[in-house]
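One file, data-v4.csv, carrying CSV, C-alpha atoms and all ligand atoms:
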chain,number,residue,atom,x,y,z
A,1,MET,CA,10.6,67.3,-6.6
A,2,THR,CA,8.0,64.7,-7.3
A,3,PHE,CA,7.8,61.5,-9.3
A,4,ALA,CA,5.9,60.3,-12.3
A,5,ILE,CA,5.9,57.4,-14.7
A,6,ARG,CA,7.1,58.4,-18.2
A,7,PHE,CA,8.3,56.6,-21.4
A,8,HIS,CA,10.9,57.7,-23.9
A,9,GLN,CA,10.2,55.0,-26.5
A,10,THR,CA,7.2,52.9,-27.3
A,11,GLY,CA,7.2,49.2,-26.5
A,12,GLY,CA,6.5,46.7,-23.8
A,13,PRO,CA,5.8,47.5,-20.1
A,14,GLU,CA,9.5,47.7,-19.5
A,15,VAL,CA,9.6,51.1,-21.2
A,16,LEU,CA,7.7,52.7,-18.3
A,17,ARG,CA,10.1,54.6,-16.1
A,18,TRP,CA,9.7,56.1,-12.6
A,19,GLU,CA,11.3,59.5,-12.9
A,20,GLU,CA,11.8,62.6,-10.9
A,21,VAL,CA,9.9,65.5,-12.5
A,22,SER,CA,9.3,69.1,-11.6
A,23,VAL,CA,5.8,70.4,-11.5
A,24,GLY,CA,5.5,74.2,-11.6
A,25,ALA,CA,2.7,76.5,-10.5
A,26,PRO,CA,-0.5,76.1,-12.5
A,27,VAL,CA,-0.8,78.5,-15.4
A,28,ALA,CA,-4.1,80.3,-16.3
A,29,GLY,CA,-7.0,77.8,-16.5
A,30,GLU,CA,-5.1,75.0,-14.7
A,31,ALA,CA,-5.3,73.5,-11.3
A,32,ARG,CA,-2.5,71.5,-9.6
A,33,VAL,CA,-3.8,68.2,-8.2
A,34,ARG,CA,-2.0,66.1,-5.6
A,35,HIS,CA,-3.1,62.5,-6.5
A,36,GLU,CA,-4.4,60.2,-3.8
A,37,ALA,CA,-5.1,57.5,-6.4
A,38,VAL,CA,-4.6,57.0,-10.1
A,39,GLY,CA,-6.6,54.8,-12.5
A,40,LEU,CA,-5.3,52.2,-14.9
A,41,ASN,CA,-7.0,51.9,-18.3
A,42,PHE,CA,-6.5,49.7,-21.3
A,43,ILE,CA,-5.9,52.9,-23.4
A,44,ASP,CA,-2.7,53.4,-21.4
A,45,THR,CA,-1.3,50.3,-23.1
A,46,TYR,CA,-2.2,51.7,-26.5
A,47,HIS,CA,-0.2,54.9,-25.7
A,48,ARG,CA,2.7,52.8,-24.4
A,49,THR,CA,2.9,50.5,-27.5
A,50,GLY,CA,2.4,53.3,-30.0
A,51,LEU,CA,-1.0,52.0,-31.3
A,52,TYR,CA,-2.2,55.5,-30.4
A,53,PRO,CA,1.0,57.6,-31.2
A,54,MET,CA,2.2,60.2,-28.7
A,55,PRO,CA,5.0,62.7,-29.0
A,56,LEU,CA,8.0,61.3,-27.0
A,57,PRO,CA,9.1,61.4,-24.3
A,58,SER,CA,5.6,61.3,-22.8
A,59,GLY,CA,3.7,61.0,-19.6
A,60,ILE,CA,1.0,58.4,-19.4
A,61,GLY,CA,-2.4,57.9,-17.8
A,62,LEU,CA,-5.8,59.7,-18.1
A,63,GLU,CA,-7.5,59.3,-14.8
A,64,GLY,CA,-6.9,60.3,-11.2
A,65,ALA,CA,-8.4,61.6,-8.0
A,66,GLY,CA,-6.9,63.9,-5.4
A,67,ILE,CA,-6.9,67.3,-3.8
A,68,VAL,CA,-6.4,70.6,-5.5
A,69,GLU,CA,-3.4,72.4,-4.0
A,70,ALA,CA,-3.2,75.5,-6.3
A,71,VAL,CA,-5.2,77.1,-9.1
A,72,GLY,CA,-4.1,79.3,-11.9
A,73,GLU,CA,-5.5,82.6,-13.0
A,74,GLY,CA,-9.2,82.6,-14.1
A,75,VAL,CA,-10.1,79.4,-12.4
A,76,SER,CA,-13.2,80.1,-10.3
A,77,ASP,CA,-15.4,76.9,-10.0
A,78,ILE,CA,-12.5,74.8,-8.6
A,79,GLN,CA,-10.8,75.8,-5.4
A,80,VAL,CA,-7.8,74.9,-3.3
A,81,GLY,CA,-8.7,72.0,-1.0
A,82,ASP,CA,-11.4,70.6,-3.4
A,83,ARG,CA,-11.6,66.8,-3.7
A,84,VAL,CA,-11.6,66.2,-7.4
A,85,ALA,CA,-11.5,63.4,-10.0
A,86,TYR,CA,-11.1,63.4,-13.7
A,87,ALA,CA,-10.8,61.2,-16.8
A,88,GLY,CA,-9.4,62.5,-20.1
A,89,GLY,CA,-7.6,65.6,-21.0
A,90,PRO,CA,-3.8,65.5,-21.4
A,91,VAL,CA,-1.9,62.3,-20.5
A,92,GLY,CA,0.2,62.4,-17.3
A,93,ALA,CA,-2.1,60.9,-14.6
A,94,TYR,CA,0.6,58.4,-13.5
A,95,SER,CA,2.1,61.0,-11.3
A,96,GLN,CA,2.2,62.1,-7.7
A,97,VAL,CA,1.3,65.7,-8.6
A,98,ARG,CA,0.3,67.3,-11.9
A,99,CYS,CA,-1.3,70.3,-13.4
A,100,MET,CA,-4.6,69.8,-15.2
A,101,PRO,CA,-6.9,72.0,-17.2
A,102,ALA,CA,-9.4,72.9,-14.5
A,103,HIS,CA,-12.4,72.5,-16.8
A,104,ARG,CA,-11.7,68.7,-16.9
A,105,LEU,CA,-12.1,68.3,-13.1
A,106,LEU,CA,-15.2,67.1,-11.4
A,107,LYS,CA,-15.8,67.6,-7.6
A,108,LEU,CA,-16.1,64.2,-6.0
A,109,PRO,CA,-19.2,63.7,-3.9
A,110,ALA,CA,-18.3,63.3,-0.2
A,111,SER,CA,-19.5,59.7,-0.1
A,112,ILE,CA,-17.1,58.6,-2.9
A,113,ASP,CA,-13.5,58.0,-1.6
A,114,PHE,CA,-10.5,58.8,-3.7
A,115,ARG,CA,-9.7,55.2,-4.6
A,116,THR,CA,-13.2,54.6,-6.0
A,117,GLY,CA,-13.0,58.0,-7.7
A,118,ALA,CA,-9.8,57.1,-9.5
A,119,ALA,CA,-11.2,53.7,-10.5
A,120,MET,CA,-14.5,54.8,-11.8
A,121,MET,CA,-14.2,58.0,-13.9
A,122,LEU,CA,-12.9,56.8,-17.2
A,123,GLN,CA,-14.6,53.3,-17.3
A,124,GLY,CA,-17.8,54.7,-15.7
A,125,MET,CA,-18.2,57.7,-18.0
A,126,THR,CA,-17.6,55.3,-20.9
A,127,ALA,CA,-20.3,53.0,-19.7
A,128,ALA,CA,-22.5,56.1,-19.3
A,129,TYR,CA,-22.1,57.4,-22.8
A,130,LEU,CA,-22.3,54.0,-24.4
A,131,LEU,CA,-25.5,53.0,-22.6
A,132,ARG,CA,-27.2,56.3,-22.6
A,133,ARG,CA,-26.0,58.3,-25.6
A,134,THR,CA,-24.4,56.1,-28.3
A,135,CYS,CA,-27.4,53.8,-28.0
A,136,ARG,CA,-30.1,54.6,-25.5
A,137,VAL,CA,-30.8,51.2,-23.9
A,138,GLN,CA,-34.5,50.6,-23.3
A,139,PRO,CA,-36.1,48.3,-20.8
A,140,GLY,CA,-36.4,44.9,-22.4
A,141,ASP,CA,-33.6,45.3,-24.9
A,142,ALA,CA,-31.1,42.5,-25.1
A,143,VAL,CA,-27.5,43.8,-25.0
A,144,LEU,CA,-24.2,42.0,-25.5
A,145,ILE,CA,-21.2,43.3,-23.5
A,146,HIS,CA,-17.8,41.8,-24.3
A,147,ALA,CA,-15.1,41.4,-21.6
A,148,ALA,CA,-18.0,41.6,-19.0
A,149,ALA,CA,-15.7,41.1,-16.0
A,150,GLY,CA,-13.3,43.9,-17.0
A,151,GLY,CA,-13.3,47.5,-15.9
A,152,VAL,CA,-15.8,48.9,-18.3
A,153,GLY,CA,-17.6,45.6,-18.4
A,154,LEU,CA,-18.5,45.2,-14.7
A,155,ILE,CA,-19.8,48.8,-14.6
A,156,ALA,CA,-21.7,48.5,-17.9
A,157,CYS,CA,-23.3,45.2,-17.0
A,158,GLN,CA,-24.6,46.6,-13.7
A,159,TRP,CA,-25.8,49.8,-15.3
A,160,ALA,CA,-27.5,48.0,-18.2
A,161,LYS,CA,-29.3,45.7,-15.8
A,162,ALA,CA,-30.5,48.8,-13.8
A,163,LEU,CA,-31.9,50.2,-17.1
A,164,GLY,CA,-34.0,47.1,-17.5
A,165,ALA,CA,-32.0,45.3,-20.2
A,166,THR,CA,-31.4,41.6,-20.6
A,167,VAL,CA,-27.6,41.5,-20.2
A,168,ILE,CA,-25.5,39.0,-22.0
A,169,GLY,CA,-21.8,39.1,-21.2
A,170,THR,CA,-18.7,37.4,-22.6
A,171,VAL,CA,-15.7,36.4,-20.5
A,172,SER,CA,-12.7,34.1,-20.8
A,173,THR,CA,-12.8,32.1,-17.6
A,174,GLU,CA,-15.3,30.5,-15.1
A,175,ALA,CA,-14.1,32.8,-12.4
A,176,LYS,CA,-14.8,35.8,-14.5
A,177,ALA,CA,-18.2,34.3,-15.4
A,178,GLU,CA,-19.2,34.1,-11.8
A,179,LEU,CA,-18.1,37.7,-11.2
A,180,ALA,CA,-20.1,38.9,-14.3
A,181,ARG,CA,-23.2,37.1,-13.0
A,182,GLN,CA,-22.8,38.8,-9.6
A,183,HIS,CA,-22.8,42.2,-11.4
A,184,GLY,CA,-25.9,42.1,-13.6
A,185,CYS,CA,-25.2,39.6,-16.3
A,186,ASP,CA,-28.3,37.5,-17.0
A,187,HIS,CA,-26.4,35.2,-19.3
A,188,VAL,CA,-22.6,34.7,-19.6
A,189,ILE,CA,-20.8,33.2,-22.6
A,190,LEU,CA,-17.3,31.8,-22.2
A,191,TYR,CA,-16.1,33.0,-25.6
A,192,THR,CA,-12.9,31.1,-25.3
A,193,ARG,CA,-14.9,27.9,-25.5
A,194,GLU,CA,-18.4,28.6,-26.8
A,195,ASP,CA,-19.7,29.9,-30.1
A,196,ILE,CA,-20.8,33.5,-29.3
A,197,VAL,CA,-23.3,33.9,-32.2
A,198,LYS,CA,-24.9,30.5,-31.6
A,199,ARG,CA,-25.4,31.2,-27.9
A,200,VAL,CA,-26.7,34.7,-28.5
A,201,ARG,CA,-29.2,33.4,-31.0
A,202,GLU,CA,-30.3,30.7,-28.5
A,203,ILE,CA,-30.7,33.2,-25.6
A,204,THR,CA,-32.6,35.8,-27.7
A,205,GLY,CA,-34.9,33.2,-29.3
A,206,GLY,CA,-33.2,33.8,-32.7
A,207,GLU,CA,-33.8,37.5,-32.8
A,208,GLY,CA,-30.4,38.9,-31.9
A,209,VAL,CA,-29.4,41.8,-29.6
A,210,ALA,CA,-30.3,45.4,-29.9
A,211,VAL,CA,-26.7,46.5,-29.4
A,212,VAL,CA,-23.2,45.0,-29.0
A,213,TYR,CA,-20.7,46.9,-26.9
A,214,ASP,CA,-17.3,45.5,-28.1
A,215,GLY,CA,-14.1,46.7,-26.5
A,216,VAL,CA,-12.3,43.5,-27.5
A,217,GLY,CA,-11.9,44.5,-31.2
A,218,LYS,CA,-10.2,42.3,-33.7
A,219,ASP,CA,-11.1,38.9,-32.2
A,220,THR,CA,-14.8,39.6,-31.7
A,221,PHE,CA,-15.7,42.1,-34.4
A,222,ALA,CA,-17.1,39.7,-37.0
A,223,ALA,CA,-19.1,37.6,-34.5
A,224,SER,CA,-20.5,40.8,-32.9
A,225,LEU,CA,-22.1,41.9,-36.1
A,226,ASP,CA,-23.7,38.4,-36.5
A,227,CYS,CA,-25.3,38.8,-33.0
A,228,LEU,CA,-27.3,41.9,-33.9
A,229,ARG,CA,-31.0,42.0,-34.7
A,230,PRO,CA,-32.0,43.9,-37.9
A,231,ARG,CA,-31.1,47.6,-37.5
A,232,GLY,CA,-29.1,46.8,-34.4
A,233,MET,CA,-26.2,48.9,-33.3
A,234,MET,CA,-22.5,47.8,-33.2
A,235,ALA,CA,-20.5,50.0,-30.9
A,236,THR,CA,-16.8,48.9,-31.4
A,237,PHE,CA,-15.1,51.0,-28.8
A,238,GLY,CA,-11.8,49.3,-28.0
A,239,ASN,CA,-8.9,47.1,-29.2
A,240,ALA,CA,-8.0,44.8,-26.3
A,241,SER,CA,-7.2,42.0,-28.7
A,242,GLY,CA,-5.9,44.3,-31.5
A,243,ALA,CA,-7.4,46.9,-33.9
A,244,VAL,CA,-10.2,45.9,-36.2
A,245,PRO,CA,-9.1,45.7,-39.8
A,246,ALA,CA,-10.6,47.7,-42.7
A,247,PHE,CA,-14.2,47.0,-43.2
A,248,ASP,CA,-16.7,47.1,-46.1
A,249,PRO,CA,-19.9,49.0,-45.3
A,250,LEU,CA,-21.9,46.8,-47.6
A,251,THR,CA,-21.6,44.2,-44.9
A,252,LEU,CA,-23.9,46.3,-42.8
A,253,THR,CA,-26.6,46.1,-45.5
A,254,GLN,CA,-26.2,42.3,-45.9
A,255,LYS,CA,-26.5,41.7,-42.2
A,256,GLY,CA,-29.7,43.7,-41.7
A,257,SER,CA,-29.2,47.5,-42.1
A,258,LEU,CA,-27.0,47.6,-39.1
A,259,PHE,CA,-25.5,50.7,-37.5
A,260,LEU,CA,-21.8,50.8,-36.8
A,261,THR,CA,-20.1,53.4,-34.6
A,262,ARG,CA,-16.5,53.7,-33.3
A,263,PRO,CA,-16.9,56.1,-30.4
A,264,LYS,CA,-14.6,57.6,-27.9
A,265,LEU,CA,-15.2,59.3,-24.5
A,266,ALA,CA,-13.5,62.5,-25.5
A,267,ASP,CA,-16.1,63.2,-28.1
A,268,TYR,CA,-18.9,62.8,-25.6
A,269,THR,CA,-17.3,65.1,-23.0
A,270,THR,CA,-15.9,67.9,-25.2
A,271,ARG,CA,-17.9,70.7,-23.6
A,272,ARG,CA,-17.9,71.3,-19.9
A,273,ASP,CA,-21.7,70.9,-19.7
A,274,GLU,CA,-21.5,67.5,-21.4
A,275,LEU,CA,-18.7,66.4,-19.0
A,276,LEU,CA,-20.7,67.6,-16.0
A,277,ASP,CA,-23.9,65.8,-17.2
A,278,ILE,CA,-22.2,62.5,-17.8
A,279,GLY,CA,-20.2,62.8,-14.6
A,280,GLN,CA,-23.3,63.5,-12.6
A,281,GLU,CA,-25.1,60.5,-14.1
A,282,LEU,CA,-22.2,58.3,-13.0
A,283,PHE,CA,-22.1,59.8,-9.5
A,284,ASN,CA,-25.9,59.2,-9.2
A,285,VAL,CA,-25.7,55.5,-10.0
A,286,VAL,CA,-22.7,54.9,-7.8
A,287,VAL,CA,-24.0,56.9,-4.8
A,288,GLY,CA,-27.5,55.4,-5.4
A,289,GLY,CA,-26.0,51.9,-5.2
A,290,GLN,CA,-27.1,50.7,-8.7
A,291,VAL,CA,-23.5,50.4,-9.7
A,292,LYS,CA,-20.8,49.2,-7.4
A,293,ILE,CA,-17.2,50.0,-8.4
A,294,GLU,CA,-15.0,47.0,-7.8
A,295,VAL,CA,-11.4,48.0,-7.2
A,296,ASN,CA,-9.9,44.5,-7.6
A,297,GLN,CA,-6.2,45.4,-8.0
A,298,THR,CA,-4.0,48.0,-6.4
A,299,TYR,CA,-0.4,48.7,-7.2
A,300,PRO,CA,2.2,51.2,-6.1
A,301,LEU,CA,2.4,53.7,-8.9
A,302,SER,CA,6.1,52.9,-9.3
A,303,GLU,CA,5.1,49.4,-10.3
A,304,ALA,CA,3.0,50.5,-13.2
A,305,ALA,CA,4.8,48.1,-15.5
A,306,GLN,CA,3.6,45.1,-13.6
A,307,ALA,CA,0.0,46.4,-13.7
A,308,HIS,CA,0.3,46.7,-17.5
A,309,ARG,CA,1.6,43.1,-17.7
A,310,ASP,CA,-1.3,41.8,-15.7
A,311,LEU,CA,-3.9,43.8,-17.6
A,312,GLU,CA,-2.6,42.7,-21.0
A,313,ALA,CA,-2.4,39.1,-19.7
A,314,ARG,CA,-6.1,39.2,-18.9
A,315,LYS,CA,-5.3,38.6,-15.2
A,316,THR,CA,-7.2,41.6,-13.9
A,317,THR,CA,-11.0,42.0,-13.2
A,318,GLY,CA,-13.0,45.1,-12.5
A,319,SER,CA,-11.0,48.3,-12.0
A,320,THR,CA,-7.3,48.8,-11.1
A,321,ILE,CA,-5.7,51.7,-9.3
A,322,PHE,CA,-2.2,52.9,-8.5
A,323,LEU,CA,-1.3,54.5,-5.2
A,324,PRO,CA,1.2,57.3,-5.7
B,401,LIG,P1,-10.5,45.6,-19.2
B,401,LIG,O1,-10.5,45.6,-17.8
B,401,LIG,O2,-11.9,45.3,-19.9
B,401,LIG,O3,-9.4,44.7,-19.8
B,401,LIG,C1,-9.5,44.2,-21.1
B,401,LIG,C2,-10.2,42.8,-21.1
B,401,LIG,O4,-10.4,42.5,-22.5
B,401,LIG,C3,-9.5,41.7,-20.5
B,401,LIG,O5,-9.6,41.5,-19.1
B,401,LIG,C4,-10.0,40.5,-21.3
B,401,LIG,O6,-11.2,40.0,-20.6
B,401,LIG,C5,-10.5,41.1,-22.6
B,401,LIG,N1,-9.6,40.6,-23.7
B,401,LIG,C6,-10.0,39.9,-24.8
B,401,LIG,N2,-9.0,39.6,-25.6
B,401,LIG,C7,-7.9,40.1,-25.0
B,401,LIG,C8,-6.6,40.2,-25.4
B,401,LIG,N3,-6.1,39.6,-26.5
B,401,LIG,N4,-5.7,40.8,-24.6
B,401,LIG,C9,-6.1,41.4,-23.5
B,401,LIG,N5,-7.4,41.4,-23.1
B,401,LIG,C10,-8.3,40.8,-23.8
B,401,LIG,O7,-10.1,47.0,-19.8
B,401,LIG,P2,-10.8,48.5,-19.7
B,401,LIG,O8,-12.1,48.3,-19.0
B,401,LIG,O9,-9.8,49.5,-19.3
B,401,LIG,O10,-11.1,48.7,-21.3
B,401,LIG,C11,-12.0,47.8,-22.0
B,401,LIG,C12,-12.0,48.2,-23.4
B,401,LIG,O11,-12.6,49.4,-23.6
B,401,LIG,C13,-10.6,48.4,-24.0
B,401,LIG,O12,-10.5,48.0,-25.3
B,401,LIG,C14,-10.4,49.9,-24.0
B,401,LIG,O13,-9.5,50.4,-24.9
B,401,LIG,C15,-11.8,50.4,-24.3
B,401,LIG,N6,-12.2,51.7,-23.9
B,401,LIG,C16,-12.6,52.6,-24.8
B,401,LIG,C17,-13.1,53.8,-24.5
B,401,LIG,C18,-13.7,54.7,-25.5
B,401,LIG,O14,-14.2,55.7,-25.2
B,401,LIG,N7,-13.6,54.3,-26.8
B,401,LIG,C19,-13.0,54.3,-23.1
B,401,LIG,C20,-12.6,53.3,-22.1
B,401,LIG,C21,-12.2,52.0,-22.5
B,401,LIG,P3,-11.5,38.3,-20.8
B,401,LIG,O15,-10.3,37.7,-20.2
B,401,LIG,O16,-12.7,38.1,-20.1
B,401,LIG,O17,-11.6,38.1,-22.3
Since I need it in another form, could you write the structure as C-alpha cells?
Ligand code: NDP
Amino acid sequence: MTFAIRFHQTGGPEVLRWEEVSVGAPVAGEARVRHEAVGLNFIDTYHRTGLYPMPLPSGIGLEGAGIVEAVGEGVSDIQVGDRVAYAGGPVGAYSQVRCMPAHRLLKLPASIDFRTGAAMMLQGMTAAYLLRRTCRVQPGDAVLIHAAAGGVGLIACQWAKALGATVIGTVSTEAKAELARQHGCDHVILYTREDIVKRVREITGGEGVAVVYDGVGKDTFAASLDCLRPRGMMATFGNASGAVPAFDPLTLTQKGSLFLTRPKLADYTTRRDELLDIGQELFNVVVGGQVKIEVNQTYPLSEAAQAHRDLEARKTTGSTIFLP
C-alpha cells in the first residue's frame, strides 16, 4: 500500500485528502515511478477548485521526479532504475508511487538532483516554450513578465536575460522585487502600487514591449495589452488572479495590430520529439548555469493543503516541492 493526495469534491485546500491507494503493475506503455520529489504548480489549484473541471474523485499534480521501478510491455527507451522527471500527462503526481505513460518521462541528467528535477519541469518547460516558441525572444527585445518572483517567473526572467532581452518584471512586494532583480530582471514594477503601463512606457522610451507573458490573468490583462508595441504579442497563459473575461478582437486592431495567444504546455509537448527538444533545452540552461532553479518552499506531501494555501496567498517565491 502507498499514499497519495486525492479530492472527492472541488473546493478550498481542505478538500485535499491523504489517502491510501493501491498502485498495480504498469500496463503496456507505462512505467511505475517511485517519487523522490513532487512539484507544486498553480494549475493544481485550478483542478482543485474546479476552474479546470476533472472527473471526481481525482488525483492531483502534474510534475514529479523519481526512480523507475517497473515498466510495462513495449517500453524500451525507459528502464528500471532510470532517474526520471516529468511534467504533464495524467494528473496524480501527488503520490508516493504512480504509473505514468512512459513516453512522458525524461531521463534526468546526472548533475540535476530529484528536488530540482521536480521543481523545474513544468515551470521550466513553460518558460522554454513561451520564450522560444510562442514568441521567439530576440536580443534587444523588451519583454514584460508578470509575477516575476514566482515559479515560472524566476525561471523566465533568467532565461530571457540570457537570450539578451531587456527584462521588465512585476511583483507585489519589495522582497519579491529584490529576488526578481537577482534573477535577471533589469526593471521591476511593484504592480500593487505603481501604474504598470506608465512605468513600462517610461522604461521603453514610449515604445512598449515586444511581448508580455501574463500568468496573472484577470487583474493584469487589460494593462498588459497597453504595454505592447505595435504588432507586439500578448501571451496570456494563466489565471492566478482569476480567468480573463470574454474579449473583443477589435481591441487588438485599436491597440496596434497586436497578436494574442492563450497557450498551454501540453500543446507544445504533444509529440515525444517535441517533449524531448523542450526538455533538452531546459536541461541545457540549468546544467549550463544560465538558469538557477530556486526551490524556496518544501512541504511533506501529506501537507499539500498548506502548500496550496500559501501559494494562493502569494506567500511563495520561486518553485515549491513536496517530499513524499
Ligand atoms: P507562481 O509561483 O507564479 O504563483 C502565482 C503568482 O501570481 C503569485 O506568487 C503572485 O505573485 C501572482 N499573483 C497575482 N495575483 C494573484 C492572486 N490574486 N492570487 C494569487 N497569486 C497572484 O505560480 P506558477 O509559477 O505555478 O504559475 C504561474 C502562472 O502560470 C499561473 O497562472 C499558472 O496557471 C500559469 N501556468 C501556465 C502554464 C501554461 O502552459 N499555460 C504552465 C505553467 C503555469 P505576486 O505576489 O508577485 O503578484
* Compile the contact shell of segment 155-159 of chain A as a list in words: residues with an atom at most 6 Å away, counting all atoms listed in the file, same-chain residues fewer than 6 positions apart removed. =>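 After dropping sequence-adjacent residues, the list is Ala127, His183, Gly184, Cys185 and Val291 of chain A.
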* Can you tell me which residues sit at most 8 Å away from ligand LIG 401 (chain B), counting only C-alpha atoms and all ligand atoms, written as a count of residues only? -> 49
What lies within 7 Å of Ala93 of chain A using all atoms listed in the file, ignoring chain neighbours under 4 positions off, as a short mmCIF file (atom, residue, chain, number, x, y, z; two decimals) with C-alpha atoms, in the coordinates of the input?
data_model
loop_
_atom_site.label_atom_id
_atom_site.label_comp_id
_atom_site.auth_asym_id
_atom_site.auth_seq_id
_atom_site.Cartn_x
_atom_site.Cartn_y
_atom_site.Cartn_z
CA VAL A 38 -4.60 57.00 -10.10
CA ILE A 60 1.00 58.40 -19.40
CA GLY A 61 -2.40 57.90 -17.80
CA LEU A 62 -5.80 59.70 -18.10
CA GLU A 63 -7.50 59.30 -14.80
CA GLY A 64 -6.90 60.30 -11.20
#
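Here the question is which of A:Asp113, A:Asp248, A:Asp186, A:Asp141 gets nearest to Glu207 of chain A using all atoms listed in the file, and that residue is A:Asp141.
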Counting only C-alpha atoms, which residues of segment 84-161 of chain A fall within 7 Å of segment 272-287 of chain A, and what is the closest atom pair for each with its distance in Å at one decimal, ordered by chain and rising number, as CSV?
residue,atom,partner,partner_atom,distance
A:His103,CA,A:Arg272,CA,6.4
A:Gly124,CA,A:Leu282,CA,6.3
A:Met125,CA,A:Ile278,CA,6.3
A:Ala128,CA,A:Ile278,CA,6.6
Selection export as a PDB file, in the coordinates of the input, atoms kept: C-alpha atoms:
ATOM      1  CA  HIS A 103     -12.400  72.500 -16.800  1.00  0.00           C
ATOM      2  CA  GLY A 124     -17.800  54.700 -15.700  1.00  0.00           C
ATOM      3  CA  MET A 125     -18.200  57.700 -18.000  1.00  0.00           C
ATOM      4  CA  ALA A 128     -22.500  56.100 -19.300  1.00  0.00           C
TER       5      ALA A 128
END
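Our summary of the geometry notes that atom CA of Ala31 of chain A is positioned 13.8 Å from atom CA of Gly92 of chain A.
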* To do: Considering all atoms listed in the file, return as an MDAnalysis selection string whatever protein or nucleic-acid residues lie within 9 Å of segment 296-303 of chain A, sequence-local ones (same chain, fewer than 2 positions apart) excluded.
  => chainID A and resid 3:5 17:18 37:38 94:96 294 305:307 316:324
* For each of A:Cys227, A:Val244, A:Gln290, A:Val295, take the minimum atom-to-atom distance to Arg115 of chain A, counting only C-alpha atoms, then give the residue where this is smallest. =>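 The shortest atom-to-atom distance to Arg115 of chain A comes from A:Val295.
Interatomic distance, atom CA of Leu106 of chain A against atom CA of Gly66 of chain A: 10.7 Å.
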* Hey, what's within 12 Å of Gly205 of chain A if we count all atoms listed in the file and toss same-chain stuff fewer than 6 positions away? As JSON, numbers by chain, please? -> {"A": [142, 197, 198, 199, 227, 229]}
* To do: Grab the atom CA of Thr2 of chain A to atom CA of Gly88 of chain A distance for me, in Å with one decimal place.
  => 21.7 Å
